[in-house]
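One file, upload_21.pdb, carrying PDB, C-alpha atoms:
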ATOM      1  CA  MET T   1      21.897  41.742  14.906
ATOM      2  CA  LYS T   2      20.192  38.392  14.319
ATOM      3  CA  GLN T   3      16.409  38.655  14.209
ATOM      4  CA  ASN T   4      13.945  36.015  15.346
ATOM      5  CA  PHE T   5      11.406  35.377  12.565
ATOM      6  CA  THR T   6       9.463  32.683  14.415
ATOM      7  CA  VAL T   7       5.704  33.334  14.308
ATOM      8  CA  ARG T   8       4.296  33.306  17.849
ATOM      9  CA  HIS T   9       1.676  30.736  18.711
ATOM     10  CA  GLY T  10      -1.732  32.325  18.121
ATOM     11  CA  ALA T  11      -0.303  35.300  16.212
ATOM     12  CA  LEU T  12      -2.971  34.911  13.518
ATOM     13  CA  ASP T  13      -5.836  34.688  16.016
ATOM     14  CA  GLY T  14      -8.351  37.472  15.431
ATOM     15  CA  VAL T  15      -7.056  38.411  11.960
ATOM     16  CA  GLU T  16     -10.077  36.945  10.164
ATOM     17  CA  ALA T  17     -12.396  38.757  12.581
ATOM     18  CA  PHE T  18     -10.506  42.031  11.999
ATOM     19  CA  LEU T  19     -10.697  41.677   8.212
ATOM     20  CA  SER T  20     -14.419  40.974   8.307
ATOM     21  CA  VAL T  21     -15.120  43.988  10.558
ATOM     22  CA  ALA T  22     -12.920  46.167   8.321
ATOM     23  CA  GLN T  23     -14.839  45.041   5.252
ATOM     24  CA  HIS T  24     -18.324  45.520   6.669
ATOM     25  CA  ARG T  25     -17.496  48.366   9.074
ATOM     26  CA  SER T  26     -19.732  46.511  11.495
ATOM     27  CA  PHE T  27     -19.098  44.033  14.291
ATOM     28  CA  ARG T  28     -22.632  42.675  13.950
ATOM     29  CA  ARG T  29     -22.402  41.995  10.201
ATOM     30  CA  ALA T  30     -18.911  40.461  10.670
ATOM     31  CA  ALA T  31     -20.363  38.157  13.334
ATOM     32  CA  ALA T  32     -23.160  37.083  10.983
ATOM     33  CA  GLU T  33     -20.673  36.381   8.187
ATOM     34  CA  LEU T  34     -18.434  34.245  10.410
ATOM     35  CA  GLY T  35     -21.294  32.547  12.247
ATOM     36  CA  VAL T  36     -20.373  33.715  15.765
ATOM     37  CA  THR T  37     -21.738  36.242  18.253
ATOM     38  CA  PRO T  38     -20.875  39.956  18.101
ATOM     39  CA  SER T  39     -19.275  39.661  21.550
ATOM     40  CA  ALA T  40     -16.970  36.901  20.247
ATOM     41  CA  ILE T  41     -15.904  39.169  17.374
ATOM     42  CA  SER T  42     -15.325  42.052  19.775
ATOM     43  CA  GLN T  43     -13.206  39.882  22.085
ATOM     44  CA  ALA T  44     -11.121  38.559  19.173
ATOM     45  CA  VAL T  45     -10.409  42.079  17.899
ATOM     46  CA  ARG T  46      -9.535  43.365  21.384
ATOM     47  CA  ALA T  47      -7.125  40.447  21.870
ATOM     48  CA  LEU T  48      -5.524  41.215  18.483
ATOM     49  CA  GLU T  49      -5.162  44.895  19.374
ATOM     50  CA  ALA T  50      -3.577  43.930  22.703
ATOM     51  CA  ARG T  51      -1.011  41.715  20.980
ATOM     52  CA  ILE T  52      -0.209  44.374  18.386
ATOM     53  CA  GLY T  53      -0.145  47.166  20.947
ATOM     54  CA  ALA T  54      -2.298  49.597  18.992
ATOM     55  CA  ALA T  55      -5.992  50.348  18.484
ATOM     56  CA  LEU T  56      -7.173  49.211  15.052
ATOM     57  CA  PHE T  57     -10.738  50.549  15.054
ATOM     58  CA  ILE T  58     -12.501  53.757  16.056
ATOM     59  CA  ARG T  59     -15.825  52.672  17.573
ATOM     60  CA  THR T  60     -18.876  54.816  18.219
ATOM     61  CA  THR T  61     -22.489  53.911  18.854
ATOM     62  CA  ARG T  62     -23.249  54.737  15.208
ATOM     63  CA  SER T  63     -20.216  53.569  13.204
ATOM     64  CA  VAL T  64     -16.922  51.701  13.040
ATOM     65  CA  GLY T  65     -13.848  53.175  11.358
ATOM     66  CA  LEU T  66     -10.187  52.261  10.989
ATOM     67  CA  THR T  67      -7.384  54.023  12.805
ATOM     68  CA  GLU T  68      -4.169  54.797  10.926
ATOM     69  CA  ALA T  69      -2.661  51.669  12.508
ATOM     70  CA  GLY T  70      -5.727  49.746  11.386
ATOM     71  CA  GLN T  71      -5.387  51.018   7.820
ATOM     72  CA  ARG T  72      -1.729  49.989   7.650
ATOM     73  CA  PHE T  73      -2.466  46.619   9.205
ATOM     74  CA  LEU T  74      -5.322  46.056   6.721
ATOM     75  CA  SER T  75      -3.162  46.917   3.702
ATOM     76  CA  ARG T  76      -0.718  44.115   4.563
ATOM     77  CA  ALA T  77      -2.849  41.623   6.436
ATOM     78  CA  LYS T  78      -5.608  41.336   3.791
ATOM     79  CA  PRO T  79      -3.442  40.094   0.880
ATOM     80  CA  ALA T  80      -1.426  37.881   3.224
ATOM     81  CA  PHE T  81      -4.558  36.293   4.693
ATOM     82  CA  GLU T  82      -6.049  35.782   1.219
ATOM     83  CA  GLU T  83      -2.837  34.026   0.167
ATOM     84  CA  LEU T  84      -3.093  31.743   3.204
ATOM     85  CA  VAL T  85      -6.687  30.886   2.294
ATOM     86  CA  THR T  86      -5.644  30.132  -1.292
ATOM     87  CA  ALA T  87      -2.755  27.977  -0.073
ATOM     88  CA  SER T  88      -5.153  26.020   2.126
ATOM     89  CA  GLU T  89      -7.545  25.487  -0.772
ATOM     90  CA  VAL T  90      -4.733  24.265  -3.029
ATOM     91  CA  ALA T  91      -3.481  21.843  -0.379
ATOM     92  CA  ARG T  92      -7.026  20.654   0.342
ATOM     93  CA  ASP T  93      -7.603  20.055  -3.373
ATOM     94  CA  LEU T  94      -4.483  17.868  -3.584
ATOM     95  CA  GLY T  95      -5.743  15.964  -0.552
ATOM     96  CA  GLN T  96      -9.070  15.149  -2.202
ATOM     97  CA  ARG T  97      -8.247  13.962  -5.730
ATOM     98  CA  PRO T  98      -5.299  12.569  -7.728
ATOM     99  CA  ALA T  99      -3.489  15.667  -8.943
ATOM    100  CA  GLY T 100      -0.132  17.410  -8.693
ATOM    101  CA  LEU T 101       3.441  16.168  -9.035
ATOM    102  CA  LEU T 102       4.228  12.523  -8.203
ATOM    103  CA  ARG T 103       8.005  12.175  -7.643
ATOM    104  CA  LEU T 104       9.565   8.714  -7.839
ATOM    105  CA  THR T 105      13.162   7.543  -7.567
ATOM    106  CA  ALA T 106      14.314   4.352  -9.276
ATOM    107  CA  PRO T 107      17.493   2.744 -10.622
ATOM    108  CA  ARG T 108      18.025   3.344 -14.312
ATOM    109  CA  ALA T 109      18.065  -0.405 -14.899
ATOM    110  CA  VAL T 110      14.365  -0.813 -14.098
ATOM    111  CA  LEU T 111      13.035   2.251 -15.885
ATOM    112  CA  THR T 112      12.679   0.582 -19.300
ATOM    113  CA  HIS T 113      10.551  -2.078 -17.641
ATOM    114  CA  LEU T 114       8.228   0.579 -16.224
ATOM    115  CA  ASN T 115       7.442   2.427 -19.459
ATOM    116  CA  GLN T 116       4.080   0.775 -20.088
ATOM    117  CA  LEU T 117       3.046   1.085 -16.437
ATOM    118  CA  ILE T 118       3.896   4.796 -16.299
ATOM    119  CA  ALA T 119       2.271   5.474 -19.685
ATOM    120  CA  SER T 120      -0.988   3.800 -18.674
ATOM    121  CA  PHE T 121      -1.021   5.673 -15.343
ATOM    122  CA  CYS T 122      -0.493   9.051 -17.044
ATOM    123  CA  GLN T 123      -3.334   8.292 -19.469
ATOM    124  CA  THR T 124      -5.644   7.274 -16.614
ATOM    125  CA  TYR T 125      -4.771  10.250 -14.381
ATOM    126  CA  PRO T 126      -4.017  13.223 -16.664
ATOM    127  CA  GLU T 127      -3.967  15.689 -13.728
ATOM    128  CA  VAL T 128      -0.955  13.924 -12.173
ATOM    129  CA  GLU T 129       2.520  14.792 -13.434
ATOM    130  CA  VAL T 130       5.040  11.960 -12.968
ATOM    131  CA  GLU T 131       8.698  12.773 -12.381
ATOM    132  CA  ILE T 132      11.203   9.931 -12.127
ATOM    133  CA  ALA T 133      14.755  10.535 -10.922
ATOM    134  CA  ALA T 134      17.083   7.762 -12.079
ATOM    135  CA  SER T 135      19.635   6.984  -9.388
ATOM    136  CA  ALA T 136      21.572   3.928  -8.283
ATOM    137  CA  ASP T 137      21.900   5.466  -4.793
ATOM    138  CA  LEU T 138      19.739   4.300  -1.907
ATOM    139  CA  VAL T 139      17.853   7.573  -1.677
ATOM    140  CA  ASP T 140      16.184   8.771   1.523
ATOM    141  CA  ILE T 141      12.834   9.457  -0.139
ATOM    142  CA  ALA T 142      11.450  11.566   2.717
ATOM    143  CA  ALA T 143      14.542  13.772   3.010
ATOM    144  CA  GLU T 144      14.845  14.187  -0.764
ATOM    145  CA  GLY T 145      11.170  15.033  -1.316
ATOM    146  CA  PHE T 146      10.059  11.895  -3.167
ATOM    147  CA  ASP T 147       6.615  10.356  -2.800
ATOM    148  CA  ALA T 148       7.881   6.818  -3.347
ATOM    149  CA  GLY T 149      10.811   4.784  -4.624
ATOM    150  CA  ILE T 150      11.400   1.639  -6.655
ATOM    151  CA  ARG T 151      14.159  -0.751  -5.578
ATOM    152  CA  LEU T 152      15.159  -4.364  -5.190
ATOM    153  CA  GLY T 153      13.427  -5.769  -2.136
ATOM    154  CA  GLN T 154      16.608  -6.484  -0.194
ATOM    155  CA  PHE T 155      17.523  -2.783  -0.184
ATOM    156  CA  ILE T 156      14.224  -1.481   1.242
ATOM    157  CA  GLU T 157      14.163  -0.432   4.883
ATOM    158  CA  ALA T 158      11.880  -2.422   7.170
ATOM    159  CA  ASP T 159       9.833   0.643   8.168
ATOM    160  CA  MET T 160       8.588   1.132   4.592
ATOM    161  CA  ILE T 161       5.404  -0.201   3.022
ATOM    162  CA  ALA T 162       6.267  -2.207  -0.105
ATOM    163  CA  VAL T 163       4.205  -3.293  -3.108
ATOM    164  CA  ARG T 164       5.634  -5.929  -5.415
ATOM    165  CA  LEU T 165       6.269  -4.930  -9.040
ATOM    166  CA  THR T 166       7.979  -8.116 -10.264
ATOM    167  CA  PRO T 167       8.291 -11.740  -9.187
ATOM    168  CA  SER T 168      11.567 -12.847  -7.625
ATOM    169  CA  PHE T 169      14.309 -13.519 -10.179
ATOM    170  CA  PRO T 170      17.839 -14.920 -10.381
ATOM    171  CA  LEU T 171      21.015 -12.870 -10.374
ATOM    172  CA  ALA T 172      22.679 -13.995 -13.577
ATOM    173  CA  VAL T 173      26.368 -14.069 -14.507
ATOM    174  CA  VAL T 174      26.688 -13.290 -18.207
ATOM    175  CA  GLY T 175      29.420 -12.726 -20.749
ATOM    176  CA  SER T 176      29.592 -12.144 -24.482
ATOM    177  CA  PRO T 177      30.211 -15.086 -26.847
ATOM    178  CA  ASP T 178      33.393 -13.362 -27.978
ATOM    179  CA  TYR T 179      34.698 -13.082 -24.400
ATOM    180  CA  LEU T 180      33.878 -16.740 -23.665
ATOM    181  CA  ARG T 181      35.697 -17.828 -26.816
ATOM    182  CA  ARG T 182      38.818 -16.138 -25.450
ATOM    183  CA  ARG T 183      38.473 -17.497 -21.902
ATOM    184  CA  GLN T 184      37.578 -20.914 -20.601
ATOM    185  CA  ARG T 185      33.936 -20.942 -19.526
ATOM    186  CA  PRO T 186      33.683 -20.952 -15.693
ATOM    187  CA  GLU T 187      32.076 -24.067 -14.243
ATOM    188  CA  LEU T 188      32.653 -23.379 -10.530
ATOM    189  CA  ILE T 189      32.503 -20.226  -8.456
ATOM    190  CA  ASP T 190      36.223 -20.449  -7.793
ATOM    191  CA  ASP T 191      36.887 -20.322 -11.567
ATOM    192  CA  LEU T 192      36.032 -16.601 -11.453
ATOM    193  CA  ARG T 193      39.546 -15.983 -10.106
ATOM    194  CA  ARG T 194      40.766 -16.444 -13.682
ATOM    195  CA  HIS T 195      38.182 -14.123 -15.227
ATOM    196  CA  ALA T 196      37.711 -10.409 -15.800
ATOM    197  CA  CYS T 197      34.732  -9.579 -13.595
ATOM    198  CA  LEU T 198      32.882  -6.296 -14.055
ATOM    199  CA  ARG T 199      32.008  -4.873 -10.672
ATOM    200  CA  MET T 200      29.446  -2.565  -9.085
ATOM    201  CA  ARG T 201      30.360   0.311  -6.781
ATOM    202  CA  ARG T 202      27.699   0.801  -4.129
ATOM    203  CA  SER T 203      26.359   4.175  -3.054
ATOM    204  CA  ASP T 204      28.462   3.957   0.135
ATOM    205  CA  GLY T 205      31.639   3.677  -1.960
ATOM    206  CA  SER T 206      32.301  -0.028  -1.428
ATOM    207  CA  ILE T 207      32.602  -2.614  -4.202
ATOM    208  CA  ALA T 208      29.806  -5.161  -4.096
ATOM    209  CA  PRO T 209      30.876  -8.821  -3.938
ATOM    210  CA  TRP T 210      29.107 -11.313  -6.171
ATOM    211  CA  SER T 211      26.450 -13.453  -4.518
ATOM    212  CA  PHE T 212      25.872 -17.162  -5.134
ATOM    213  CA  VAL T 213      24.267 -20.202  -3.576
ATOM    214  CA  ASN T 214      26.076 -23.518  -3.305
ATOM    215  CA  GLY T 215      23.477 -26.054  -2.257
ATOM    216  CA  ASN T 216      21.823 -24.470   0.770
ATOM    217  CA  GLU T 217      24.778 -22.234   1.532
ATOM    218  CA  ALA T 218      24.962 -18.555   0.566
ATOM    219  CA  VAL T 219      28.368 -17.615  -0.844
ATOM    220  CA  GLU T 220      29.901 -14.188  -1.436
ATOM    221  CA  ALA T 221      32.772 -14.038  -3.902
ATOM    222  CA  VAL T 222      35.212 -11.123  -3.977
ATOM    223  CA  VAL T 223      36.043 -10.805  -7.662
ATOM    224  CA  SER T 224      38.390  -8.580  -9.634
ATOM    225  CA  GLY T 225      38.471  -7.143 -13.102
ATOM    226  CA  PRO T 226      39.225  -4.167 -15.329
ATOM    227  CA  PHE T 227      35.977  -2.227 -15.004
ATOM    228  CA  ILE T 228      33.808  -0.715 -12.237
ATOM    229  CA  ALA T 229      30.482   1.105 -12.638
ATOM    230  CA  ASN T 230      27.734   2.335 -10.351
ATOM    231  CA  ASP T 231      24.723   1.130 -12.325
ATOM    232  CA  VAL T 232      23.559  -2.092 -13.943
ATOM    233  CA  PRO T 233      22.992  -0.836 -17.533
ATOM    234  CA  THR T 234      26.604   0.318 -17.733
ATOM    235  CA  LEU T 235      27.867  -3.068 -16.507
ATOM    236  CA  LEU T 236      25.576  -4.827 -18.969
ATOM    237  CA  GLY T 237      26.876  -2.712 -21.844
ATOM    238  CA  ALA T 238      30.464  -3.502 -20.895
ATOM    239  CA  ALA T 239      29.644  -7.219 -20.837
ATOM    240  CA  VAL T 240      28.013  -7.022 -24.287
ATOM    241  CA  ALA T 241      31.167  -5.258 -25.527
ATOM    242  CA  GLY T 242      33.245  -8.263 -24.422
ATOM    243  CA  LEU T 243      35.053  -6.596 -21.535
ATOM    244  CA  GLY T 244      34.299  -9.392 -19.083
ATOM    245  CA  LEU T 245      31.643 -11.161 -17.034
ATOM    246  CA  ALA T 246      28.932  -9.272 -15.174
ATOM    247  CA  GLN T 247      26.448 -10.297 -12.502
ATOM    248  CA  VAL T 248      23.127  -8.574 -13.108
ATOM    249  CA  PRO T 249      19.419  -9.207 -12.473
ATOM    250  CA  GLY T 250      18.232 -11.923 -14.837
ATOM    251  CA  PRO T 251      15.368  -9.897 -16.393
ATOM    252  CA  ILE T 252      17.767  -7.044 -17.223
ATOM    253  CA  ALA T 253      19.991  -9.390 -19.230
ATOM    254  CA  ALA T 254      17.146 -11.393 -20.799
ATOM    255  CA  ASP T 255      16.861  -9.449 -24.070
ATOM    256  CA  ALA T 256      20.623  -9.531 -24.689
ATOM    257  CA  VAL T 257      20.712 -13.267 -23.946
ATOM    258  CA  LYS T 258      17.782 -13.898 -26.281
ATOM    259  CA  ALA T 259      19.512 -11.875 -29.021
ATOM    260  CA  GLY T 260      22.719 -13.910 -28.617
ATOM    261  CA  LYS T 261      24.715 -10.935 -27.392
ATOM    262  CA  LEU T 262      25.253 -12.530 -23.966
ATOM    263  CA  VAL T 263      25.529 -16.063 -22.639
ATOM    264  CA  GLY T 264      24.679 -17.151 -19.098
ATOM    265  CA  VAL T 265      27.218 -19.058 -16.980
ATOM    266  CA  LEU T 266      27.211 -20.572 -13.492
ATOM    267  CA  GLU T 267      23.410 -20.891 -13.646
ATOM    268  CA  ARG T 268      23.243 -23.580 -10.982
ATOM    269  CA  PHE T 269      24.843 -21.206  -8.475
ATOM    270  CA  ALA T 270      22.524 -18.275  -9.239
ATOM    271  CA  PRO T 271      20.842 -16.813  -6.109
ATOM    272  CA  MET T 272      17.275 -15.532  -6.192
ATOM    273  CA  ALA T 273      16.625 -11.830  -5.616
ATOM    274  CA  PRO T 274      13.296 -10.998  -3.948
ATOM    275  CA  GLY T 275      12.168  -8.862  -6.872
ATOM    276  CA  VAL T 276      11.488  -5.184  -7.473
ATOM    277  CA  PHE T 277       9.126  -3.249  -5.210
ATOM    278  CA  LEU T 278       7.461   0.112  -5.061
ATOM    279  CA  TYR T 279       7.948   1.460  -1.535
ATOM    280  CA  TYR T 280       6.838   4.477   0.456
ATOM    281  CA  PRO T 281       6.750   5.691   4.089
ATOM    282  CA  ARG T 282       3.928   4.990   6.507
ATOM    283  CA  TYR T 283       1.911   8.198   6.549
ATOM    284  CA  ARG T 284      -1.442   9.414   5.330
ATOM    285  CA  MET T 285      -1.154   8.795   1.627
ATOM    286  CA  MET T 286      -1.979  11.591  -0.785
ATOM    287  CA  PRO T 287      -4.541  10.677  -3.487
ATOM    288  CA  LYS T 288      -1.912  10.866  -6.257
ATOM    289  CA  LEU T 289       0.202   8.176  -4.572
ATOM    290  CA  ARG T 290      -2.822   6.085  -3.616
ATOM    291  CA  ALA T 291      -3.932   6.190  -7.255
ATOM    292  CA  PHE T 292      -0.480   5.048  -8.387
ATOM    293  CA  VAL T 293      -0.359   2.224  -5.837
ATOM    294  CA  ASP T 294      -3.839   1.045  -6.865
ATOM    295  CA  HIS T 295      -2.821   1.291 -10.525
ATOM    296  CA  VAL T 296       0.251  -0.855  -9.878
ATOM    297  CA  LYS T 297      -1.849  -3.478  -8.130
ATOM    298  CA  GLY T 298      -4.487  -3.409 -10.849
ATOM    299  CA  ARG T 299      -1.936  -3.806 -13.647
ATOM    300  CA  SER T 300      -0.128  -6.601 -11.847
ATOM    301  CA  GLY T 301      -3.164  -8.821 -11.294
ATOM    302  CA  SER T 302      -4.475 -10.311  -8.074
ATOM    303  CA  ALA T 303      -2.175 -10.728  -5.086
ATOM    304  CA  ASN T 304      -2.866 -14.435  -4.753
ATOM    305  CA  LYS T 305      -2.096 -15.047  -8.398
ATOM    306  CA  ILE T 306       1.379 -13.521  -8.640
ATOM    307  CA  GLY T 307       2.319 -12.725  -5.042
ATOM    308  CA  ILE T 308       2.056  -8.965  -4.843
ATOM    309  CA  GLY T 309       3.094  -7.349  -1.579
ATOM    310  CA  ILE T 310      -0.036  -5.663  -0.288
ATOM    311  CA  ASP T 311      -0.383  -2.527   1.801
ATOM    312  CA  ASP T 312      -3.071  -3.780   4.167
ATOM    313  CA  GLY T 313      -3.856  -0.273   5.391
ATOM    314  CA  ARG T 314      -2.705  -0.839   8.970
ATOM    315  CA  ALA T 315       0.081   1.430  10.215
ATOM    316  CA  GLY T 316       3.256  -0.328  11.255
ATOM    317  CA  ARG T 317       2.660  -3.457   9.214
ATOM    318  CA  ARG T 318       3.999  -4.697   5.922
ATOM    319  CA  ARG T 319       3.604  -8.094   4.388
ATOM    320  CA  ARG T 320       4.988  -9.564   1.221
ATOM    321  CA  ALA T 321       3.235 -12.526  -0.279
TER     322      ALA T 321
END
structure tokens encoding of this file:
Amino acid sequence: MKQNFTVRHGALDGVEAFLSVAQHRSFRRAAAELGVTPSAISQAVRALEARIGAALFIRTTRSVGLTEAGQRFLSRAKPAFEELVTASEVARDLGQRPAGLLRLTAPRAVLTHLNQLIASFCQTYPEVEVEIAASADLVDIAAEGFDAGIRLGQFIEADMIAVRLTPSFPLAVVGSPDYLRRRQRPELIDDLRRHACLRMRRSDGSIAPWSFVNGNEAVEAVVSGPFIANDVPTLLGAAVAGLGLAQVPGPIAADAVKAGKLVGVLERFAPMAPGVFLYYPRYRMMPKLRAFVDHVKGRSGSANKIGIGIDDGRAGRRRRA
């Protein structure tokens, strides 16, 4: 038979009064401890006894004792109530200072660019543990138990508050020198039809087209090639290995381009991505997340200088400079 384990509304009412009376064996001393009148304590205990359906105390004009039901109730209620008090204190502590576990989700491609930021935060707030889950998926941070996420701006839902981590940047098409020696360098978007294009599979299972701008017109190109991956570092590695061309965020490819491992093509058609943002839901922010947001803003410089997106503290609003 299925049992209903739902706690009734008000089921804990009177428990604290009962425990205090049981400890002091006195309604008057229990009232003094809890800062209420003896009649209030008496009413709370009577209401508790009525809900339970058994007398908990033996009362005389000279003393107060526990019934057998009261003894059994005390043996279980006391440790349970103490655990509730401890739980409240732990939660209250996390609500008053930066401490506890800060869970973030971010694409693997951006993690190497966050090392210094995370290291400086951990040194500044040693009581906060930082956990980062690397995922290319567009994670529902509330459902998955994350405090915040890090994503490209175009993938962040409008009901989130966003704080800029990077300036906007181009999406670059790159290939290895060896690959471009074997294939004619593309000069126009349409030239990609004759190239091996390394493609990204989105979290919804679809293959992402490549994005370009031609003058003032946005262009999406459906490309083909021998390799598909679900994250940028893997695509970048395949491009460095000479497997084909890849379209990736410019900053991700910058080191390989500087080292001569990759060469940029079709630069004049490169679209601008809005940049990378830290984002989180609109709710009362815990101190650990507030500390991280403030740390991000402090490390990035002033908003007017580099265009940080600022949480202005007003629910329902987000602005990106």
Run through the PyMOL selection byres ((chain T and resi 167) around 8) on the given coordinates and return the selected residues as number ranges by chain.
T: 164-166, 168-169, 274-276, 306-307
Under the PyMOL selection byres ((chain T and resi 174) around 8), which residues of this model are included? Write them out as a list in words.
Ala172, Val173, Gly175, Ser176, Ala239, Leu245, Ala246, Gln247, Val248, Ala253, Leu262, Val263, Gly264 and Val265 of chain T
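Shortest atom-to-atom contact with T:His24 among T:Gly65, T:Thr60, T:Gln43, T:Glu144: T:Gly65, counting all atoms listed in the file.
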Can you work out which one of T:Arg46, T:Arg290, T:Arg103, T:Arg29 has the shortest atom-to-atom distance to T:Gly149, counting all atoms listed in the file?
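So, comparing all the options, the nearest one is T:Arg103.
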Nearest residue to T:Val293 from the set T:Ala196, T:Ala106, T:Ile141, T:Ile150 (distances using all atoms listed in the file)
T:Ile150
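Nearest to T:Asp140 of all the residues T:Phe18, T:Phe155, T:Phe212, T:Phe292 is T:Phe155, based on all atoms listed in the file.
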Residue contacts of stretch 269-272 of chain T (6 Å, all atoms listed in the file) excluding same-chain residues fewer than 2 positions away, as a PyMOL selection string:
chain T and resi 169-171+212-214+266-267
Can you report as lines of an AutoDock Vina configuration file the centre and edge lengths in Å, to one decimal, of an axis-aligned box around the listed atoms of stretch 68-79 of chain T padded with 3 Å on each side?
center_x = -3.2
center_y = 47.4
center_z = 6.7
size_x = 11.0
size_y = 20.7
size_z = 17.6
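The shortest atom-to-atom distance to T:Asp13, with all atoms listed in the file taken into account, belongs to T:Leu48 out of T:Val36, T:Met200, T:Leu48, T:Leu56.
When atom CA of T:Arg62 is paired with atom CA of T:Ser26, their separation reads 9.7 Å.
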Could you check how far atom CA of T:Ala30 sits from atom CA of T:Gly53, in Å to one decimal?
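According to the coordinates, atom CA of T:Ala30 and atom CA of T:Gly53 are separated by 22.4 Å.
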If we count all atoms listed in the file, what is near T:Val64 at a cut-off of 6 Å, once residues fewer than 2 positions away on the same chain are taken out, given as a CSV table (one decimal) with C-alpha atoms, in the coordinates of the input?
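New file around-v6.csv:
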chain,number,residue,atom,x,y,z
T,25,ARG,CA,-17.5,48.4,9.1
T,58,ILE,CA,-12.5,53.8,16.1
T,59,ARG,CA,-15.8,52.7,17.6
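Minimum atom-to-atom distances from T:Arg199, T:Gly260, T:Phe81, T:Pro281 to T:Asp159 were compared using all atoms listed in the file, and the lowest value belongs to T:Pro281.
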Mind checking which residues fall within 8 Å of T:Ala99, counting only C-alpha atoms, ignoring those fewer than 4 positions away in the same chain, and posting them as a PDB file with C-alpha atoms, keeping the file's coordinate frame?
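Below is the file that was written, out.pdb:
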ATOM      1  CA  LEU T  94      -4.483  17.868  -3.584  1.00  0.00           C
ATOM      2  CA  TYR T 125      -4.771  10.250 -14.381  1.00  0.00           C
ATOM      3  CA  GLU T 127      -3.967  15.689 -13.728  1.00  0.00           C
ATOM      4  CA  VAL T 128      -0.955  13.924 -12.173  1.00  0.00           C
ATOM      5  CA  GLU T 129       2.520  14.792 -13.434  1.00  0.00           C
ATOM      6  CA  PRO T 287      -4.541  10.677  -3.487  1.00  0.00           C
ATOM      7  CA  LYS T 288      -1.912  10.866  -6.257  1.00  0.00           C
TER       8      LYS T 288
END
Identify, on the basis of all atoms listed in the file, every residue whose closest approach to T:Val232 does not exceed 9 Å; exclude the query and any residue fewer than 4 positions from it along the same chain; express the result as a list in words.
Pro107, Arg108, Ala109, Ala136, Met200, Leu236, Gly237, Gln247, Val248, Pro249 and Ile252 of chain T
Please compute the atom CA of T:Phe227-atom CA of T:Gly242 distance, one decimal, in Å.
11.5 Å
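Residues matched by the PyMOL selection byres ((chain T and resi 132) around 9) in this file are Leu102, Arg103, Leu104, Thr105, Ala106, Leu111, Val130, Glu131, Ala133 and Ala134 of chain T.
Once T:Asp190 and its same-chain neighbours fewer than 4 positions away are set aside, T:Pro186, T:Arg194, T:His195, T:Ala221, T:Val223 remain within 10 Å of it when counting all atoms listed in the file.
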